[in-house]
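This is entry-v6.pdb. It holds PDB, C-alpha atoms.
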ATOM      1  CA  MET A   1       9.791  -9.369  20.968
ATOM      2  CA  ALA A   2      12.349 -11.626  19.252
ATOM      3  CA  ALA A   3      12.483 -13.694  22.433
ATOM      4  CA  ALA A   4       8.675 -13.883  22.463
ATOM      5  CA  VAL A   5       8.728 -15.163  18.865
ATOM      6  CA  LYS A   6      11.139 -17.953  19.850
ATOM      7  CA  GLU A   7       9.131 -18.805  22.959
ATOM      8  CA  LEU A   8       5.893 -18.947  20.957
ATOM      9  CA  ALA A   9       7.442 -21.126  18.279
ATOM     10  CA  ASP A  10       8.844 -23.521  20.888
ATOM     11  CA  CYS A  11       6.100 -23.598  23.514
ATOM     12  CA  GLY A  12       2.908 -22.394  21.861
ATOM     13  CA  TYR A  13       0.628 -19.584  22.886
ATOM     14  CA  ASP A  14      -0.752 -21.202  26.023
ATOM     15  CA  GLY A  15       2.701 -22.459  27.024
ATOM     16  CA  LEU A  16       4.340 -19.046  26.681
ATOM     17  CA  SER A  17       6.003 -17.920  29.887
ATOM     18  CA  LEU A  18       6.975 -14.289  30.348
ATOM     19  CA  THR A  19       9.688 -15.468  32.727
ATOM     20  CA  ARG A  20      11.205 -17.572  29.910
ATOM     21  CA  VAL A  21      10.746 -14.702  27.425
ATOM     22  CA  ALA A  22      12.737 -12.459  29.783
ATOM     23  CA  GLU A  23      15.417 -15.149  30.197
ATOM     24  CA  ARG A  24      15.700 -15.602  26.418
ATOM     25  CA  ALA A  25      15.982 -11.832  25.989
ATOM     26  CA  GLY A  26      18.552 -11.575  28.759
ATOM     27  CA  VAL A  27      16.496  -9.016  30.677
ATOM     28  CA  SER A  28      14.540  -8.952  33.917
ATOM     29  CA  LYS A  29      10.835  -9.706  33.800
ATOM     30  CA  GLY A  30      10.262  -6.235  35.257
ATOM     31  CA  LEU A  31      11.777  -4.688  32.152
ATOM     32  CA  ILE A  32       9.084  -6.387  30.061
ATOM     33  CA  TRP A  33       6.441  -4.699  32.242
ATOM     34  CA  HIS A  34       8.194  -1.372  31.693
ATOM     35  CA  TYR A  35       7.529  -1.578  27.938
ATOM     36  CA  PHE A  36       4.339  -3.659  27.779
ATOM     37  CA  ALA A  37       1.178  -3.331  29.864
ATOM     38  CA  ASP A  38       0.587  -7.081  29.966
ATOM     39  CA  LYS A  39       1.076 -10.328  28.036
ATOM     40  CA  ASP A  40      -1.595  -9.348  25.507
ATOM     41  CA  ASP A  41       0.152  -6.037  24.829
ATOM     42  CA  LEU A  42       3.434  -7.897  24.244
ATOM     43  CA  MET A  43       1.680 -10.373  21.931
ATOM     44  CA  GLU A  44      -0.031  -7.644  19.901
ATOM     45  CA  SER A  45       3.185  -5.650  19.561
ATOM     46  CA  THR A  46       5.098  -8.792  18.614
ATOM     47  CA  ALA A  47       2.543  -9.738  15.953
ATOM     48  CA  LYS A  48       2.509  -6.262  14.407
ATOM     49  CA  ALA A  49       6.307  -6.008  14.421
ATOM     50  CA  THR A  50       6.628  -9.486  12.896
ATOM     51  CA  MET A  51       4.115  -8.651  10.158
ATOM     52  CA  THR A  52       6.043  -5.478   9.344
ATOM     53  CA  THR A  53       9.382  -7.302   9.352
ATOM     54  CA  ILE A  54       8.100  -9.995   7.000
ATOM     55  CA  ARG A  55       6.473  -7.459   4.652
ATOM     56  CA  ASP A  56       9.627  -5.332   4.542
ATOM     57  CA  ARG A  57      11.881  -8.370   4.070
ATOM     58  CA  ILE A  58       9.873  -9.439   1.024
ATOM     59  CA  ALA A  59       9.603  -5.922  -0.436
ATOM     60  CA  ASN A  60      13.328  -5.292  -0.013
ATOM     61  CA  SER A  61      14.189  -8.546  -1.785
ATOM     62  CA  LEU A  62      12.281  -7.648  -4.949
ATOM     63  CA  ASP A  63      13.507  -5.851  -8.037
ATOM     64  CA  LEU A  64      10.798  -3.208  -8.220
ATOM     65  CA  ALA A  65      12.025  -2.067 -11.639
ATOM     66  CA  GLU A  66      10.652  -5.285 -13.176
ATOM     67  CA  PRO A  67       7.201  -5.417 -14.792
ATOM     68  CA  VAL A  68       4.475  -5.844 -12.169
ATOM     69  CA  PRO A  69       3.501  -9.428 -13.164
ATOM     70  CA  ASP A  70       7.130 -10.471 -12.619
ATOM     71  CA  ILE A  71       7.160  -8.721  -9.231
ATOM     72  CA  ILE A  72       3.969 -10.525  -8.193
ATOM     73  CA  ARG A  73       5.403 -13.918  -9.184
ATOM     74  CA  ALA A  74       8.708 -13.221  -7.398
ATOM     75  CA  ALA A  75       6.912 -11.962  -4.288
ATOM     76  CA  LEU A  76       4.773 -15.101  -4.081
ATOM     77  CA  ARG A  77       7.858 -17.315  -4.411
ATOM     78  CA  ARG A  78       9.707 -15.427  -1.669
ATOM     79  CA  ILE A  79       6.671 -15.495   0.619
ATOM     80  CA  ALA A  80       6.215 -19.242   0.091
ATOM     81  CA  ALA A  81       9.903 -19.783   0.877
ATOM     82  CA  LEU A  82       9.326 -18.273   4.323
ATOM     83  CA  THR A  83       7.684 -21.550   5.333
ATOM     84  CA  VAL A  84      11.167 -23.050   5.128
ATOM     85  CA  THR A  85      13.463 -20.134   5.941
ATOM     86  CA  HIS A  86      11.439 -18.380   8.659
ATOM     87  CA  ARG A  87       9.104 -21.062   9.965
ATOM     88  CA  GLY A  88       9.496 -19.916  13.595
ATOM     89  CA  GLU A  89       8.333 -16.380  12.832
ATOM     90  CA  LEU A  90       5.342 -17.634  10.860
ATOM     91  CA  THR A  91       4.419 -20.128  13.562
ATOM     92  CA  ALA A  92       4.614 -17.452  16.263
ATOM     93  CA  LEU A  93       2.580 -14.984  14.207
ATOM     94  CA  ASN A  94      -0.049 -17.602  13.432
ATOM     95  CA  ARG A  95      -0.343 -18.531  17.106
ATOM     96  CA  ILE A  96      -0.800 -14.926  18.157
ATOM     97  CA  VAL A  97      -3.352 -14.115  15.449
ATOM     98  CA  HIS A  98      -5.488 -17.141  16.330
ATOM     99  CA  ASN A  99      -5.274 -16.827  20.122
ATOM    100  CA  LEU A 100      -5.061 -13.146  21.039
ATOM    101  CA  ARG A 101      -8.537 -11.994  22.029
ATOM    102  CA  HIS A 102     -10.313  -9.080  23.638
ATOM    103  CA  PRO A 103     -12.139  -9.845  26.918
ATOM    104  CA  ASP A 104     -15.386 -10.287  24.931
ATOM    105  CA  GLY A 105     -13.743 -13.047  22.857
ATOM    106  CA  THR A 106     -13.333 -11.121  19.603
ATOM    107  CA  GLN A 107     -10.004 -11.220  17.819
ATOM    108  CA  ARG A 108      -7.628  -8.485  18.860
ATOM    109  CA  LEU A 109      -5.811  -8.461  15.505
ATOM    110  CA  THR A 110      -8.094  -7.751  12.575
ATOM    111  CA  LEU A 111      -7.962  -7.011   8.880
ATOM    112  CA  GLU A 112      -7.306  -3.374   9.799
ATOM    113  CA  ASP A 113      -3.816  -4.514  10.839
ATOM    114  CA  TYR A 114      -3.175  -5.275   7.151
ATOM    115  CA  GLU A 115      -3.972  -1.725   6.024
ATOM    116  CA  GLU A 116      -0.395  -0.710   5.221
ATOM    117  CA  THR A 117       0.099  -3.960   3.324
ATOM    118  CA  TYR A 118      -3.137  -3.459   1.376
ATOM    119  CA  GLN A 119      -2.105   0.060   0.426
ATOM    120  CA  ALA A 120       1.299  -1.092  -0.839
ATOM    121  CA  GLN A 121      -0.325  -3.852  -2.876
ATOM    122  CA  GLU A 122      -2.898  -1.452  -4.321
ATOM    123  CA  SER A 123      -0.080   0.870  -5.362
ATOM    124  CA  LEU A 124       1.692  -1.993  -7.109
ATOM    125  CA  PHE A 125      -1.492  -3.046  -8.923
ATOM    126  CA  ARG A 126      -2.181   0.548 -10.025
ATOM    127  CA  ARG A 127       1.370   0.746 -11.349
ATOM    128  CA  GLY A 128       0.740  -2.411 -13.372
ATOM    129  CA  GLN A 129      -2.417  -0.871 -14.782
ATOM    130  CA  THR A 130      -0.530   2.302 -15.689
ATOM    131  CA  GLU A 131       2.319   0.394 -17.349
ATOM    132  CA  GLY A 132      -0.248  -1.654 -19.268
ATOM    133  CA  THR A 133       0.689  -5.080 -17.903
ATOM    134  CA  LEU A 134      -2.451  -5.426 -15.763
ATOM    135  CA  ARG A 135      -6.041  -4.959 -16.905
ATOM    136  CA  ASP A 136      -8.480  -2.594 -15.226
ATOM    137  CA  PHE A 137      -9.891  -3.903 -11.917
ATOM    138  CA  ASP A 138     -10.650  -2.679  -8.421
ATOM    139  CA  THR A 139      -7.221  -2.593  -6.791
ATOM    140  CA  ARG A 140      -8.654  -2.694  -3.253
ATOM    141  CA  VAL A 141     -10.626  -5.861  -3.922
ATOM    142  CA  MET A 142      -7.552  -7.399  -5.524
ATOM    143  CA  ALA A 143      -5.264  -6.402  -2.621
ATOM    144  CA  ILE A 144      -7.589  -8.095  -0.127
ATOM    145  CA  THR A 145      -7.963 -11.157  -2.371
ATOM    146  CA  TYR A 146      -4.211 -11.347  -2.987
ATOM    147  CA  GLN A 147      -3.393 -11.109   0.730
ATOM    148  CA  GLY A 148      -6.043 -13.702   1.525
ATOM    149  CA  ALA A 149      -4.461 -16.067  -1.001
ATOM    150  CA  ILE A 150      -1.049 -15.434   0.574
ATOM    151  CA  ASP A 151      -2.326 -16.128   4.073
ATOM    152  CA  MET A 152      -3.995 -19.363   2.951
ATOM    153  CA  MET A 153      -0.859 -20.428   1.068
ATOM    154  CA  LEU A 154       1.275 -19.899   4.159
ATOM    155  CA  GLY A 155      -1.133 -21.794   6.384
ATOM    156  CA  TYR A 156      -1.382 -24.646   3.911
ATOM    157  CA  LEU A 157       2.366 -24.966   3.391
ATOM    158  CA  GLU A 158       3.377 -24.419   7.004
ATOM    159  CA  THR A 159       0.994 -26.566   8.971
ATOM    160  CA  SER A 160      -0.877 -28.931   6.742
ATOM    161  CA  HIS A 161       1.412 -29.878   3.894
ATOM    162  CA  PRO A 162       5.110 -29.321   4.596
ATOM    163  CA  HIS A 163       5.995 -31.892   1.892
ATOM    164  CA  ILE A 164       4.682 -29.634  -0.892
ATOM    165  CA  ASN A 165       7.319 -27.653  -2.760
ATOM    166  CA  PRO A 166       6.787 -23.968  -1.880
ATOM    167  CA  ASP A 167       8.106 -22.742  -5.260
ATOM    168  CA  ASP A 168       5.710 -24.996  -7.167
ATOM    169  CA  TYR A 169       2.769 -23.854  -5.070
ATOM    170  CA  ALA A 170       3.723 -20.178  -5.453
ATOM    171  CA  ASP A 171       4.091 -20.538  -9.234
ATOM    172  CA  LYS A 172       0.672 -22.191  -9.555
ATOM    173  CA  LEU A 173      -0.906 -19.490  -7.405
ATOM    174  CA  ALA A 174       0.800 -16.790  -9.498
ATOM    175  CA  ASP A 175      -0.526 -18.427 -12.680
ATOM    176  CA  ILE A 176      -4.088 -18.329 -11.319
ATOM    177  CA  LEU A 177      -3.907 -14.763 -10.031
ATOM    178  CA  LEU A 178      -2.150 -13.388 -13.095
ATOM    179  CA  ALA A 179      -4.619 -15.110 -15.424
ATOM    180  CA  GLY A 180      -7.322 -12.986 -13.832
ATOM    181  CA  ILE A 181      -5.534  -9.630 -13.744
ATOM    182  CA  GLN A 182      -2.872  -9.604 -16.461
ATOM    183  CA  ARG A 183      -3.617  -7.814 -19.712
ATOM    184  CA  SER A 184      -3.620 -10.268 -22.586
TER     185      SER A 184
END
As structure tokens, the full file:
Amino acid sequence: MAAAVKELADCGYDGLSLTRVAERAGVSKGLIWHYFADKDDLMESTAKATMTTIRDRIANSLDLAEPVPDIIRAALRRIAALTVTHRGELTALNRIVHNLRHPDGTQRLTLEDYEETYQAQESLFRRGQTEGTLRDFDTRVMAITYQGAIDMMLGYLETSHPHINPDDYADKLADILLAGIQRS
């Protein structure tokens, strides 16, 4: 899957070659078929593994003993920094999400693939409500809104506006989000 990420970042979704993925991984192409039913199966597995890796990397870099508003701000800064530090992974993930389809043309990766992320975010928001740093709101709606803002931030910083400072963008986004959910 790491080789697929590199191949996607370098060659794009349509240019991806399973032969080159196997070469990059140092394995035979037949070994890929042993673990994955087809290219789409490899792409779906790669996307899900990459999403998990990114989520865990961010979560593990945070000081979860801090007040929740501080965790949210730090998380947004670390996520925005990925557009510089892990551009290849984000590019590959973006290419899979936008191109991987079922035979009927519908997207193969859906919002259901965010479920574990949503649940972790909801837990964090509930903790903030319990500690008194966040006001009362529907944590599910906020988790979906928060993740949507993250996804748009990454897309904006990665593809459209690489000259924008990721820390500045993340801080402004944190200000907006926290203004709506932080207890005054």
For a quick check of understanding, using only C-alpha atoms, which of A:Leu90, A:His98, A:Leu64, A:Ala81 has the smallest distance to Ser123 (chain A)? A:Leu64
Of the residues A:Ile54, A:Val21, A:Ala4, A:Ile150, which is the one nearest to His86 (chain A), using all atoms listed in the file?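 Comparing A:Ile54, A:Val21, A:Ala4, A:Ile150 against His86 (chain A), the winner is A:Ile54.
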Using all atoms listed in the file, which of A:Ile79, A:Ala47, A:Cys11, A:Met1 sits nearest Ile32 (chain A)?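 Answer, going by the shortest atom-to-atom distance: A:Met1.
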So, with only C-alpha atoms as the atoms that count, which of A:His161, A:Asn94, A:Gly128, A:Ile176 lies closest to Leu109 (chain A)?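 Going through A:His161, A:Asn94, A:Gly128, A:Ile176 one by one, the smallest distance to Leu109 (chain A) is for A:Asn94.
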Please provide the set of residues having any atom within 10 Å of Ser28 (chain A), restricted to all atoms listed in the file, with same-chain residues fewer than 6 positions apart removed, written as a list in words.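 Residues meeting the cut-off are Leu18, Thr19, Val21 and Ala22 of chain A.
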What lies within 10 Å of Val141 (chain A) using all atoms listed in the file, ignoring chain neighbours under 5 positions off, as a ChimeraX atom specification? /A:118,122,146
Of the candidates A:Ile72, A:Leu42, A:Ile181, A:Leu82, which one gets nearest to Asp136 (chain A) if we count only C-alpha atoms?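 When distances to Asp136 (chain A) are compared using only C-alpha atoms, the smallest one comes from A:Ile181.
Distance annotation: of A:Met153, A:Val68, A:Ile164, A:Met51, the residue with the minimal separation from Arg183 (chain A) is A:Val68; atom set is only C-alpha atoms.
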Expand the PyMOL selection byres ((chain A and resi 73) around 9) into the explicit residue set it covers here, and present it as JSON, numbers by chain. {"A": [68, 69, 70, 71, 72, 74, 75, 76, 77, 78, 170, 171, 173, 174, 175, 178]}
Can you tell me how far CA of Ala179 (chain A) sits from CA of Gln129 (chain A), in Å to one decimal?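 Going from CA of Ala179 (chain A) over to CA of Gln129 (chain A) covers 14.4 Å.
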Could you tell me which residues the PyMOL selection byres ((chain A and resi 139) around 8) grabs in this file, written as a VMD selection string? chain A and resid 122 125 to 126 137 to 138 140 to 143
Within 9 Å of Arg24 (chain A), counting all atoms listed in the file, which residues qualify if same-chain residues fewer than 4 places away don't, as a VMD selection string? chain A and resid 2 to 4 6 to 7 19 to 20
